[in-house]
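Visitor: Got a file for you: target-v4.tsv, TSV, C-alpha atoms.
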```
chain	number	residue	atom	x	y	z
A	75	MET	CA	4.75	-21.97	2.95
A	76	SER	CA	2.16	-24.61	3.51
A	77	ASN	CA	0.92	-25.93	0.14
A	78	ILE	CA	-2.06	-27.60	1.78
A	79	HIS	CA	-4.13	-29.53	-0.73
A	80	PRO	CA	-7.52	-27.81	-1.23
A	81	LEU	CA	-9.29	-31.05	-0.28
A	82	ASP	CA	-7.55	-30.93	3.10
A	83	TYR	CA	-8.15	-27.23	3.67
A	84	ASP	CA	-10.81	-26.43	6.28
A	85	LEU	CA	-11.66	-22.77	5.79
A	86	GLU	CA	-14.06	-22.57	8.75
A	87	THR	CA	-11.43	-23.91	11.13
A	88	VAL	CA	-8.86	-21.46	9.77
A	89	ARG	CA	-11.31	-18.56	10.12
A	90	HIS	CA	-12.20	-19.58	13.67
A	91	GLU	CA	-8.56	-19.84	14.67
A	92	TRP	CA	-7.19	-16.74	12.94
A	93	ILE	CA	-9.76	-13.95	12.59
A	94	GLY	CA	-9.17	-11.36	15.31
A	95	LYS	CA	-5.78	-12.79	16.15
A	96	LEU	CA	-3.02	-10.32	17.02
A	97	ILE	CA	-0.27	-11.31	14.60
A	98	SER	CA	2.42	-8.77	15.27
A	99	GLN	CA	3.41	-6.14	17.79
A	100	SER	CA	6.48	-5.03	15.97
A	101	SER	CA	8.73	-2.11	16.87
A	102	GLY	CA	10.84	-0.20	14.40
A	103	ARG	CA	14.41	-1.31	14.13
A	104	TYR	CA	15.55	2.28	13.60
A	105	PRO	CA	13.84	5.63	14.12
A	106	VAL	CA	12.23	7.27	11.09
A	107	GLU	CA	15.18	8.26	8.89
A	108	TYR	CA	15.84	10.62	6.00
A	109	ASP	CA	17.21	8.14	3.51
A	110	PRO	CA	14.33	5.64	3.25
A	111	ILE	CA	12.04	8.64	2.67
A	112	ARG	CA	14.44	9.95	0.01
A	113	ARG	CA	14.53	6.54	-1.72
A	114	HIS	CA	10.74	6.37	-1.65
A	115	CYS	CA	10.49	9.81	-3.25
A	116	HIS	CA	13.08	8.86	-5.89
A	117	MET	CA	10.94	5.80	-6.75
A	118	VAL	CA	8.03	8.01	-7.88
A	119	GLY	CA	9.89	11.20	-8.83
A	120	ASP	CA	8.56	13.15	-5.85
A	121	LEU	CA	10.53	16.41	-5.32
A	122	ASN	CA	8.48	17.81	-2.44
A	123	PRO	CA	10.85	19.51	0.04
A	124	ALA	CA	8.55	18.60	2.93
A	125	PHE	CA	9.88	15.04	2.46
A	126	LEU	CA	13.41	15.79	1.24
A	127	ASP	CA	14.86	19.07	2.50
A	128	PRO	CA	15.55	19.41	6.25
A	129	VAL	CA	16.02	23.19	6.04
A	130	ALA	CA	12.85	23.87	4.04
A	131	ALA	CA	10.86	21.37	6.11
A	132	LYS	CA	11.97	23.01	9.36
A	133	ALA	CA	10.38	26.25	8.18
A	134	GLY	CA	7.21	24.44	7.03
A	135	PRO	CA	4.03	23.55	8.91
A	136	TYR	CA	5.44	20.42	10.56
A	137	GLY	CA	8.85	21.76	11.66
A	138	ALA	CA	10.76	18.76	10.31
A	139	VAL	CA	10.97	16.38	7.37
A	140	ILE	CA	7.89	14.15	7.39
A	141	SER	CA	7.02	10.85	5.78
A	142	PRO	CA	4.78	11.18	2.69
A	143	PRO	CA	1.43	9.37	2.47
A	144	SER	CA	2.83	5.96	1.57
A	145	MET	CA	3.64	2.46	2.76
A	146	LEU	CA	6.60	3.85	4.72
A	147	PRO	CA	4.94	3.41	8.16
A	148	THR	CA	5.09	-0.36	7.62
A	149	TYR	CA	8.82	-0.06	6.95
A	150	PHE	CA	9.61	2.19	9.89
A	151	ALA	CA	7.52	0.16	12.36
A	152	SER	CA	8.88	-3.24	11.43
A	153	GLY	CA	12.18	-4.99	10.91
A	154	GLY	CA	13.55	-2.50	8.45
A	155	PRO	CA	16.34	-3.20	5.97
A	156	TRP	CA	18.61	-6.18	5.45
A	157	PRO	CA	19.93	-8.06	7.40
A	158	PRO	CA	16.68	-9.47	8.79
A	159	LYS	CA	15.89	-8.45	12.32
A	160	GLU	CA	15.24	-11.24	14.77
A	161	ARG	CA	11.48	-11.60	15.08
A	162	ASP	CA	9.71	-10.11	18.06
A	163	ASN	CA	8.31	-12.71	20.44
A	164	ASN	CA	4.75	-11.92	19.42
A	165	ASP	CA	5.39	-12.38	15.70
A	166	SER	CA	4.20	-15.67	14.29
A	167	ASP	CA	6.01	-17.78	11.71
A	168	GLY	CA	5.48	-16.63	8.16
A	169	ALA	CA	4.43	-13.18	9.31
A	170	LEU	CA	6.07	-11.57	6.30
A	171	PHE	CA	3.76	-13.10	3.71
A	172	THR	CA	0.48	-14.72	4.73
A	173	PHE	CA	0.95	-13.55	8.31
A	174	GLY	CA	1.06	-17.22	9.25
A	175	VAL	CA	-2.45	-18.00	8.02
A	176	PRO	CA	-2.46	-21.48	6.41
A	177	THR	CA	-3.36	-21.39	2.71
A	178	PRO	CA	-3.33	-23.87	-0.19
A	179	GLY	CA	-1.19	-21.51	-2.28
A	180	ASP	CA	2.13	-19.82	-1.75
A	181	ARG	CA	1.89	-16.93	-4.22
A	182	GLY	CA	0.41	-13.60	-3.23
A	183	ILE	CA	-1.05	-10.51	-4.85
A	184	ASN	CA	-2.18	-7.40	-3.00
A	185	MET	CA	-5.68	-6.41	-4.06
A	186	GLU	CA	-7.00	-3.52	-1.97
A	187	VAL	CA	-5.41	-0.96	0.29
A	188	ALA	CA	-6.95	1.62	2.62
A	189	TRP	CA	-4.84	4.09	4.60
A	190	GLU	CA	-5.76	6.71	7.16
A	191	PHE	CA	-2.99	9.17	7.93
A	192	LEU	CA	-3.81	10.71	11.29
A	193	GLU	CA	-0.68	12.53	12.49
A	194	PRO	CA	2.59	13.66	10.88
A	195	ILE	CA	5.40	11.10	11.08
A	196	ARG	CA	8.64	13.08	11.53
A	197	VAL	CA	12.24	12.06	11.09
A	198	GLY	CA	13.38	10.86	14.51
A	199	ASP	CA	10.01	9.41	15.52
A	200	VAL	CA	10.02	5.81	16.74
A	201	LEU	CA	7.14	3.75	15.39
A	202	ARG	CA	5.55	0.48	16.38
A	203	LEU	CA	2.61	-1.41	14.97
A	204	GLU	CA	-0.13	-3.82	15.94
A	205	LEU	CA	-1.43	-6.07	13.15
A	206	ARG	CA	-4.55	-8.23	13.39
A	207	ILE	CA	-6.30	-10.57	10.98
A	208	ALA	CA	-9.66	-8.99	10.13
A	209	ASP	CA	-11.09	-11.51	7.67
A	210	ILE	CA	-10.29	-14.64	5.69
A	211	PHE	CA	-12.44	-15.88	2.84
A	212	LYS	CA	-12.31	-17.93	-0.33
A	213	LYS	CA	-12.99	-16.29	-3.69
A	214	PRO	CA	-11.97	-17.97	-6.92
A	215	ILE	CA	-9.78	-16.19	-9.45
A	216	LYS	CA	-8.99	-17.24	-13.01
A	217	LEU	CA	-5.63	-18.66	-11.93
A	218	ASP	CA	-6.93	-20.58	-8.93
A	219	PRO	CA	-10.45	-21.64	-7.91
A	220	HIS	CA	-9.18	-22.10	-4.35
A	221	ALA	CA	-7.63	-18.65	-3.86
A	222	ILE	CA	-7.77	-17.44	-0.27
A	223	TRP	CA	-8.17	-13.74	0.57
A	224	ILE	CA	-6.68	-12.37	3.79
A	225	VAL	CA	-7.62	-8.97	5.24
A	226	VAL	CA	-5.40	-7.41	7.89
A	227	GLU	CA	-5.79	-4.25	9.94
A	228	THR	CA	-2.76	-2.47	11.32
A	229	SER	CA	-2.41	0.49	13.67
A	230	PHE	CA	0.82	2.50	13.84
A	231	MET	CA	1.84	4.33	17.00
A	232	ASN	CA	4.68	6.76	17.67
A	233	GLN	CA	6.86	7.15	20.76
A	234	HIS	CA	4.09	9.20	22.43
A	235	ASP	CA	1.58	6.36	21.90
A	236	ALA	CA	-0.36	8.53	19.45
A	237	VAL	CA	-1.94	6.53	16.63
A	238	VAL	CA	-0.34	8.09	13.55
A	239	ALA	CA	-1.80	5.86	10.82
A	240	LYS	CA	-4.14	2.94	10.16
A	241	TRP	CA	-3.88	0.47	7.32
A	242	ARG	CA	-6.35	-2.13	6.04
A	243	ASN	CA	-4.90	-4.45	3.44
A	244	THR	CA	-6.52	-7.21	1.38
A	245	MET	CA	-4.22	-9.83	-0.12
A	246	LEU	CA	-5.10	-12.91	-2.12
A	247	VAL	CA	-2.97	-16.02	-1.87
A	248	HIS	CA	-3.08	-18.37	-4.85
A	249	ARG	CA	-1.35	-21.49	-6.12
A	250	SER	CA	1.08	-21.48	-9.02
A	251	PRO	CA	-0.28	-22.99	-12.27
A	252	GLU	CA	2.05	-25.96	-11.69
A	253	GLN	CA	0.59	-26.50	-8.21
A	254	VAL	CA	-2.97	-26.19	-9.52
A	255	THR	CA	-2.23	-28.92	-12.11
A	256	LYS	CA	-0.60	-31.16	-9.53
A	257	ASP	CA	-3.47	-30.73	-7.05
A	258	ALA	CA	-6.02	-31.38	-9.80
A	259	GLN	CA	-4.61	-34.89	-10.31
A	260	ARG	CA	-5.57	-35.86	-6.76
A	261	GLU	CA	-8.94	-34.09	-7.02
A	262	SER	CA	-9.65	-36.01	-10.20
A	263	GLY	CA	-8.50	-39.30	-8.64
A	264	GLU	CA	-10.63	-38.85	-5.53
A	265	SER	CA	-13.74	-37.96	-7.52
A	266	HIS	CA	-13.26	-41.17	-9.56
A	267	SER	CA	-12.66	-43.33	-6.48
A	268	GLY	CA	-15.57	-41.60	-4.73
A	269	GLY	CA	-17.81	-42.54	-7.65
A	270	ASP	CA	-16.73	-46.17	-7.43
A	271	ALA	CA	-17.32	-46.47	-3.70
B	91	MET	CA	12.85	19.80	-12.79
B	92	SER	CA	9.48	20.34	-11.20
B	93	THR	CA	7.44	23.46	-11.87
B	94	ILE	CA	5.36	22.91	-8.75
B	95	ASP	CA	5.53	25.62	-6.09
B	96	TYR	CA	5.67	23.45	-3.00
B	97	ASN	CA	5.58	26.48	-0.69
B	98	ALA	CA	2.23	27.66	-2.03
B	99	GLU	CA	-1.01	27.01	-0.20
B	100	ARG	CA	-4.15	25.60	-1.75
B	101	TYR	CA	-7.29	26.85	0.00
B	102	TRP	CA	-10.50	24.87	0.29
B	103	GLU	CA	-12.56	27.77	-1.05
B	104	ASP	CA	-10.56	27.78	-4.29
B	105	VAL	CA	-11.31	24.15	-5.18
B	106	SER	CA	-14.30	23.29	-7.37
B	107	ILE	CA	-16.18	20.01	-7.64
B	108	GLY	CA	-15.30	18.46	-10.99
B	109	GLU	CA	-11.84	20.01	-10.99
B	110	GLU	CA	-9.14	17.73	-12.35
B	111	LEU	CA	-5.69	17.52	-10.79
B	112	PRO	CA	-2.69	18.07	-13.10
B	113	GLY	CA	-1.29	14.59	-12.43
B	114	PHE	CA	1.86	13.17	-13.96
B	115	SER	CA	3.16	10.23	-15.98
B	116	VAL	CA	5.96	7.74	-15.44
B	117	GLU	CA	7.52	5.39	-17.97
B	118	LEU	CA	8.15	1.93	-16.54
B	119	ASP	CA	11.61	1.31	-17.93
B	120	SER	CA	14.34	-0.79	-16.34
B	121	THR	CA	15.46	2.07	-14.10
B	122	ALA	CA	11.92	2.52	-12.80
B	123	MET	CA	11.78	-1.21	-12.07
B	124	VAL	CA	14.84	-1.18	-9.83
B	125	LEU	CA	13.73	2.07	-8.20
B	126	GLN	CA	10.42	0.45	-7.16
B	127	VAL	CA	12.34	-2.28	-5.35
B	128	SER	CA	14.82	0.13	-3.78
B	129	GLY	CA	12.16	2.66	-2.81
B	130	SER	CA	9.74	0.14	-1.37
B	131	GLN	CA	12.23	-2.43	-0.04
B	132	ASP	CA	9.70	-5.03	-1.24
B	133	TRP	CA	11.73	-8.06	-2.23
B	134	ASN	CA	8.86	-10.28	-3.37
B	135	LEU	CA	10.25	-11.98	-6.49
B	136	VAL	CA	7.09	-11.40	-8.46
B	137	HIS	CA	8.04	-7.70	-8.69
B	138	HIS	CA	11.54	-8.12	-10.12
B	139	ASP	CA	12.15	-11.71	-11.29
B	140	ILE	CA	10.43	-12.31	-14.63
B	141	GLU	CA	10.81	-16.11	-14.49
B	142	PHE	CA	9.27	-16.29	-11.02
B	143	ALA	CA	6.44	-14.00	-12.14
B	144	ARG	CA	5.72	-16.26	-15.13
B	145	ASP	CA	5.89	-19.36	-12.92
B	146	SER	CA	3.22	-17.66	-10.78
B	147	GLY	CA	0.96	-17.38	-13.82
B	148	MET	CA	1.66	-13.71	-14.60
B	149	GLN	CA	2.68	-12.29	-17.97
B	150	GLY	CA	5.70	-10.69	-16.37
B	151	ILE	CA	6.74	-8.67	-13.36
B	152	PHE	CA	4.31	-6.08	-12.07
B	153	TYR	CA	4.88	-3.02	-9.90
B	154	ASN	CA	4.29	-3.42	-6.19
B	155	THR	CA	1.95	-1.90	-3.63
B	156	GLY	CA	4.59	0.45	-2.23
B	157	TRP	CA	5.10	1.97	-5.67
B	158	THR	CA	1.35	2.19	-6.29
B	159	THR	CA	0.77	3.92	-2.96
B	160	GLY	CA	3.68	6.28	-3.62
B	161	MET	CA	2.36	7.26	-7.06
B	162	LEU	CA	-1.08	8.09	-5.66
B	163	GLY	CA	0.39	9.82	-2.62
B	164	ARG	CA	2.54	12.05	-4.83
B	165	LEU	CA	-0.46	12.80	-7.05
B	166	LEU	CA	-2.22	14.25	-4.01
B	167	THR	CA	0.66	16.00	-2.25
B	168	ASP	CA	1.86	17.65	-5.49
B	169	TRP	CA	-1.56	19.31	-5.60
B	170	ALA	CA	-2.50	19.83	-1.94
B	171	GLY	CA	-0.11	22.67	-1.16
B	172	GLN	CA	2.17	23.15	1.82
B	173	SER	CA	-0.47	22.67	4.54
B	174	GLY	CA	-2.69	20.17	2.72
B	175	TRP	CA	-2.93	16.80	4.45
B	176	VAL	CA	-3.93	13.48	2.91
B	177	GLU	CA	-6.34	12.00	5.46
B	178	LYS	CA	-7.50	8.93	3.52
B	179	LEU	CA	-6.10	7.00	0.59
B	180	ASN	CA	-7.93	3.90	-0.65
B	181	PHE	CA	-7.44	1.98	-3.86
B	182	GLN	CA	-8.02	-1.32	-5.59
B	183	MET	CA	-5.40	-3.04	-7.71
B	184	ARG	CA	-7.57	-4.37	-10.54
B	185	GLY	CA	-4.88	-4.49	-13.20
B	186	MET	CA	-1.15	-4.77	-13.29
B	187	ASN	CA	1.42	-2.16	-14.26
B	188	GLY	CA	4.30	-3.90	-15.94
B	189	ALA	CA	7.46	-3.23	-17.89
B	190	GLY	CA	7.24	-0.92	-20.90
B	191	ALA	CA	4.00	0.81	-19.95
B	192	VAL	CA	3.53	4.51	-19.37
B	193	VAL	CA	1.42	5.08	-16.27
B	194	ARG	CA	-0.47	8.30	-15.67
B	195	ALA	CA	-1.65	9.30	-12.20
B	196	HIS	CA	-4.72	11.53	-12.29
B	197	ALA	CA	-7.66	12.57	-10.13
B	198	LYS	CA	-10.90	14.50	-10.07
B	199	VAL	CA	-12.59	16.36	-7.21
B	200	THR	CA	-15.95	14.74	-6.39
B	201	ASP	CA	-17.03	16.63	-3.27
B	202	LYS	CA	-16.04	19.31	-0.77
B	203	ARG	CA	-17.37	19.51	2.76
B	204	ILE	CA	-16.74	20.80	6.27
B	205	GLU	CA	-16.71	18.06	8.90
B	206	ASP	CA	-15.83	18.67	12.56
B	207	SER	CA	-14.21	21.97	11.55
B	208	ARG	CA	-12.07	20.19	8.95
B	209	ALA	CA	-12.23	21.50	5.38
B	210	LEU	CA	-12.22	18.34	3.29
B	211	ILE	CA	-11.95	17.54	-0.41
B	212	ASP	CA	-12.99	14.12	-1.73
B	213	LEU	CA	-11.42	12.82	-4.92
B	214	ASP	CA	-11.56	9.90	-7.31
B	215	ILE	CA	-7.99	8.86	-8.02
B	216	PHE	CA	-6.56	6.67	-10.76
B	217	LEU	CA	-3.49	5.05	-12.17
B	218	GLU	CA	-4.04	4.60	-15.90
B	219	ASN	CA	-1.77	2.47	-18.05
B	220	ASP	CA	-1.33	3.18	-21.77
B	221	GLN	CA	-1.48	-0.56	-22.53
B	222	VAL	CA	-4.44	-1.78	-20.46
B	223	GLY	CA	-6.32	1.32	-19.27
B	224	ILE	CA	-7.21	2.04	-15.64
B	225	THR	CA	-5.40	-0.41	-13.41
B	226	THR	CA	-5.91	1.27	-10.05
B	227	PRO	CA	-9.08	3.18	-9.20
B	228	GLY	CA	-9.43	4.65	-5.75
B	229	LYS	CA	-10.73	7.40	-3.51
B	230	ALA	CA	-8.97	9.93	-1.32
B	231	THR	CA	-9.81	12.64	1.16
B	232	VAL	CA	-7.54	15.67	1.53
B	233	ARG	CA	-7.79	18.30	4.28
B	234	LEU	CA	-7.01	21.85	3.16
B	235	PRO	CA	-6.64	25.16	4.96
B	236	TYR	CA	-9.52	27.58	4.56
B	237	ARG	CA	-9.50	31.35	4.70
B	238	LEU	CA	-12.45	31.63	7.03
B	239	ASN	CA	-10.38	29.82	9.63
B	240	GLU	CA	-7.53	32.29	9.10
B	241	SER	CA	-9.81	35.27	9.58
B	242	ILE	CA	-11.18	33.74	12.79
B	243	GLN	CA	-7.71	33.10	14.15
B	244	THR	CA	-6.29	36.53	13.28
```
What is this structure when it is put down as structure tokens?

Guide:
Amino acid sequence: MSNIHPLDYDLETVRHEWIGKLISQSSGRYPVEYDPIRRHCHMVGDLNPAFLDPVAAKAGPYGAVISPPSMLPTYFASGGPWPPKERDNNDSDGALFTFGVPTPGDRGINMEVAWEFLEPIRVGDVLRLELRIADIFKKPIKLDPHAIWIVVETSFMNQHDAVVAKWRNTMLVHRSPEQVTKDAQRESGESHSGGDA
Amino acid sequence: MSTIDYNAERYWEDVSIGEELPGFSVELDSTAMVLQVSGSQDWNLVHHDIEFARDSGMQGIFYNTGWTTGMLGRLLTDWAGQSGWVEKLNFQMRGMNGAGAVVRAHAKVTDKRIEDSRALIDLDIFLENDQVGITTPGKATVRLPYRLNESIQT
């Protein structure tokens, strides 16, 4: 993580360099599998046999167990479970968190999510994704007046190159209270020295 | 165990604007906390390490985006019937769902329309927390089968 001081942070340069940039062309480490879907359903108490029961799902409208409307496409189209997969050549450093975009802070909160589910994702499918930076802007929050918001757009494709889902995600990246205090000392010092000059 | 008949169909004609979905509630106890990490495979410390969360300026850990998406997805698929399909799922995380809360997922039908031969239902969707109120408002669009289509095909 960068921990760039806000006084050194040039938002326009960052926007110019990063908006529209293709950040990742990741491929799933494994095909779509039963057990991650089962764990996801367990997380929220979902008992739907379309997601859990191979026999019932085979007789259903999709002919196989499918992935529920969820974040699971991001899991199946990327590195997957521990141990970490070696990054694809097109993945940039820090792709897991800020997608490599420089920010003053190193703490993140997801703020807004928009999914389109276009085609069924069946057990056995092999997914890949393409993730681009759609927008970067500064919007203060109570914790951090220099919080940076990063919007990414991701398309998910299956082994037939059909787009099965699209995801637009807005994350804010902020500094810890300790970092805000530390940075404020320099800001305060520079405003004093600026006044003397 | 669930009383939902997952093999049943829900037809577009049978849905009314203003109709409320049954929804469900989940208590965020310690088991739910570890399940959200296991089920999402989201290892960000802010979702399971209370000291890290406090160091980040939060009151405590809060449940992650994978869990939030799963709750709202289940809300819709529990209701949509065997052939119902969630086309769109959008939401904003305006408040945090943390340990000890009871979170209710609920929704209301706001519109129904036919678009490019697709029978669509629009809904307002919510996660509501018994400690802080609505944390996650959103909108969804669900495609349902319709009987007119069946009569045309048969």

Visitor: Quick one: of A:Pro178, A:Arg206, A:Phe125, A:His79, who's nearest to Ile97 (chain A), counting only C-alpha atoms?

Guide: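 Among the listed residues, A:Arg206 lies closest to Ile97 (chain A).
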
Visitor: Got a sec: who's within 7 Å of Asp199 (chain A), counting all atoms listed in the file, leaving out chain neighbours fewer than 6 positions off, as a list in words?

Guide: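 Contacts, in chain order: Pro105, Val106, Asn232 and Gln233 of chain A.
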
Visitor: Would you export the selected residues with C-alpha atoms as a PDB file, in the frame of the given file, please?

Guide:
```pdb
ATOM      1  CA  PRO A 105      13.840   5.630  14.120  1.00  0.00           C
ATOM      2  CA  VAL A 106      12.230   7.270  11.090  1.00  0.00           C
ATOM      3  CA  ASN A 232       4.680   6.760  17.670  1.00  0.00           C
ATOM      4  CA  GLN A 233       6.860   7.150  20.760  1.00  0.00           C
TER       5      GLN A 233
END
```

Visitor: Using all atoms listed in the file, determine which residues lie at most 7 Å from region 241-257 of chain A, disregarding the query and same-chain residues fewer than 6 positions distant; provide the list as a list in words.

Guide: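 Those residues are His79, Pro178, Gly179, Asp180, Arg181, Gly182, Ile183, Asn184, Met185, Glu186, Val187, Ala188, Trp189, Glu190, Leu217, Asp218, Ala221, Ile222, Trp223, Ile224, Val225, Val226, Glu227, Thr228 and Ser229 of chain A; Asp145, Ser146 and Gly147 of chain B.
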
Visitor: Pick out the closest residue to Lys178 (chain B) from this set: A:Pro143, A:Pro214, A:Gly102, A:Gly263. Count all atoms listed in the file.

Guide: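 Comparing A:Pro143, A:Pro214, A:Gly102, A:Gly263 against Lys178 (chain B), the winner is A:Pro143.
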
Visitor: Please return, as a list in words, all residues of chain B lying within 7 Å of chain A when all atoms listed in the file are considered.

Guide: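 Matching residues, ligands excluded from the count: Tyr96, Ala122, Leu125, Gln126, Ser128, Gly129, Ser130, Asp145, Ser146, Gly147, Thr155, Gly156, Thr159, Gly160, Met161, Gly163, Arg164, Ser173, Val176, Glu177, Lys178, Leu179, Asn180, Phe181, Gln182 and Met183 of chain B.
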
Visitor: Measuring atom to atom with all atoms listed in the file, identify which of B:Ala189, B:Ile107, B:Ile204, B:Leu210 is nearest to Gln149 (chain B).

Guide: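 Closest to Gln149 (chain B) of all the choices is B:Ala189.
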
Visitor: Find the residues near Trp92 (chain A): any atom within 10 Å, counting all atoms listed in the file, skip ones fewer than 3 places away on the same chain, and give them as a PDB file with C-alpha atoms, keeping the file's coordinate frame.

Guide:
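Writing done, so here's around.pdb:
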```pdb
ATOM      1  CA  GLU A  86     -14.060 -22.570   8.750  1.00  0.00           C
ATOM      2  CA  THR A  87     -11.430 -23.910  11.130  1.00  0.00           C
ATOM      3  CA  VAL A  88      -8.860 -21.460   9.770  1.00  0.00           C
ATOM      4  CA  ARG A  89     -11.310 -18.560  10.120  1.00  0.00           C
ATOM      5  CA  LYS A  95      -5.780 -12.790  16.150  1.00  0.00           C
ATOM      6  CA  LEU A  96      -3.020 -10.320  17.020  1.00  0.00           C
ATOM      7  CA  ILE A  97      -0.270 -11.310  14.600  1.00  0.00           C
ATOM      8  CA  PHE A 173       0.950 -13.550   8.310  1.00  0.00           C
ATOM      9  CA  GLY A 174       1.060 -17.220   9.250  1.00  0.00           C
ATOM     10  CA  VAL A 175      -2.450 -18.000   8.020  1.00  0.00           C
ATOM     11  CA  PRO A 176      -2.460 -21.480   6.410  1.00  0.00           C
ATOM     12  CA  ARG A 206      -4.550  -8.230  13.390  1.00  0.00           C
ATOM     13  CA  ILE A 207      -6.300 -10.570  10.980  1.00  0.00           C
ATOM     14  CA  ALA A 208      -9.660  -8.990  10.130  1.00  0.00           C
ATOM     15  CA  ASP A 209     -11.090 -11.510   7.670  1.00  0.00           C
ATOM     16  CA  ILE A 210     -10.290 -14.640   5.690  1.00  0.00           C
TER      17      ILE A 210
END
```

Visitor: Rank nothing, just name the residue among B:Asp168, B:Glu99, B:Asp206, B:Asp139 nearest to Met123 (chain B), using only C-alpha atoms.

Guide: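 When distances to Met123 (chain B) are compared using only C-alpha atoms, the smallest one comes from B:Asp139.
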
Visitor: So, with all atoms listed in the file as the atoms that count, which of B:Arg208, B:Arg237, B:Arg194, B:Lys229 lies closest to Val116 (chain B)?

Guide: B:Arg194

Visitor: Please complete region 80-91 of chain A with N, CA and C atoms and give it back as a JSON list (two decimals), keeping the file's coordinate frame.

Guide:
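See result.json below for the written result:
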```
[["chain", "number", "residue", "atom", "x", "y", "z"],
["A", 80, "PRO", "N", -6.18, -28.40, -1.46],
["A", 80, "PRO", "CA", -7.52, -27.81, -1.23],
["A", 80, "PRO", "C", -8.50, -28.79, -0.59],
["A", 81, "LEU", "N", -8.37, -30.08, -0.88],
["A", 81, "LEU", "CA", -9.29, -31.05, -0.28],
["A", 81, "LEU", "C", -9.06, -31.20, 1.22],
["A", 82, "ASP", "N", -7.87, -30.83, 1.67],
["A", 82, "ASP", "CA", -7.55, -30.93, 3.10],
["A", 82, "ASP", "C", -7.71, -29.59, 3.82],
["A", 83, "TYR", "N", -8.12, -28.58, 3.10],
["A", 83, "TYR", "CA", -8.15, -27.23, 3.67],
["A", 83, "TYR", "C", -9.53, -26.96, 4.28],
["A", 84, "ASP", "N", -9.55, -26.68, 5.56],
["A", 84, "ASP", "CA", -10.81, -26.43, 6.28],
["A", 84, "ASP", "C", -10.91, -24.93, 6.56],
["A", 85, "LEU", "N", -11.59, -24.22, 5.69],
["A", 85, "LEU", "CA", -11.66, -22.77, 5.79],
["A", 85, "LEU", "C", -12.30, -22.33, 7.11],
["A", 86, "GLU", "N", -13.37, -23.00, 7.52],
["A", 86, "GLU", "CA", -14.06, -22.57, 8.75],
["A", 86, "GLU", "C", -13.16, -22.69, 9.96],
["A", 87, "THR", "N", -12.37, -23.75, 10.02],
["A", 87, "THR", "CA", -11.43, -23.91, 11.13],
["A", 87, "THR", "C", -10.37, -22.81, 11.10],
["A", 88, "VAL", "N", -9.87, -22.51, 9.91],
["A", 88, "VAL", "CA", -8.86, -21.46, 9.77],
["A", 88, "VAL", "C", -9.44, -20.11, 10.19],
["A", 89, "ARG", "N", -10.66, -19.83, 9.75],
["A", 89, "ARG", "CA", -11.31, -18.56, 10.12],
["A", 89, "ARG", "C", -11.48, -18.47, 11.63],
["A", 90, "HIS", "N", -11.96, -19.56, 12.23],
["A", 90, "HIS", "CA", -12.20, -19.58, 13.67],
["A", 90, "HIS", "C", -10.90, -19.33, 14.44],
["A", 91, "GLU", "N", -9.84, -19.93, 13.95],
["A", 91, "GLU", "CA", -8.56, -19.84, 14.67],
["A", 91, "GLU", "C", -7.86, -18.49, 14.48]]
```
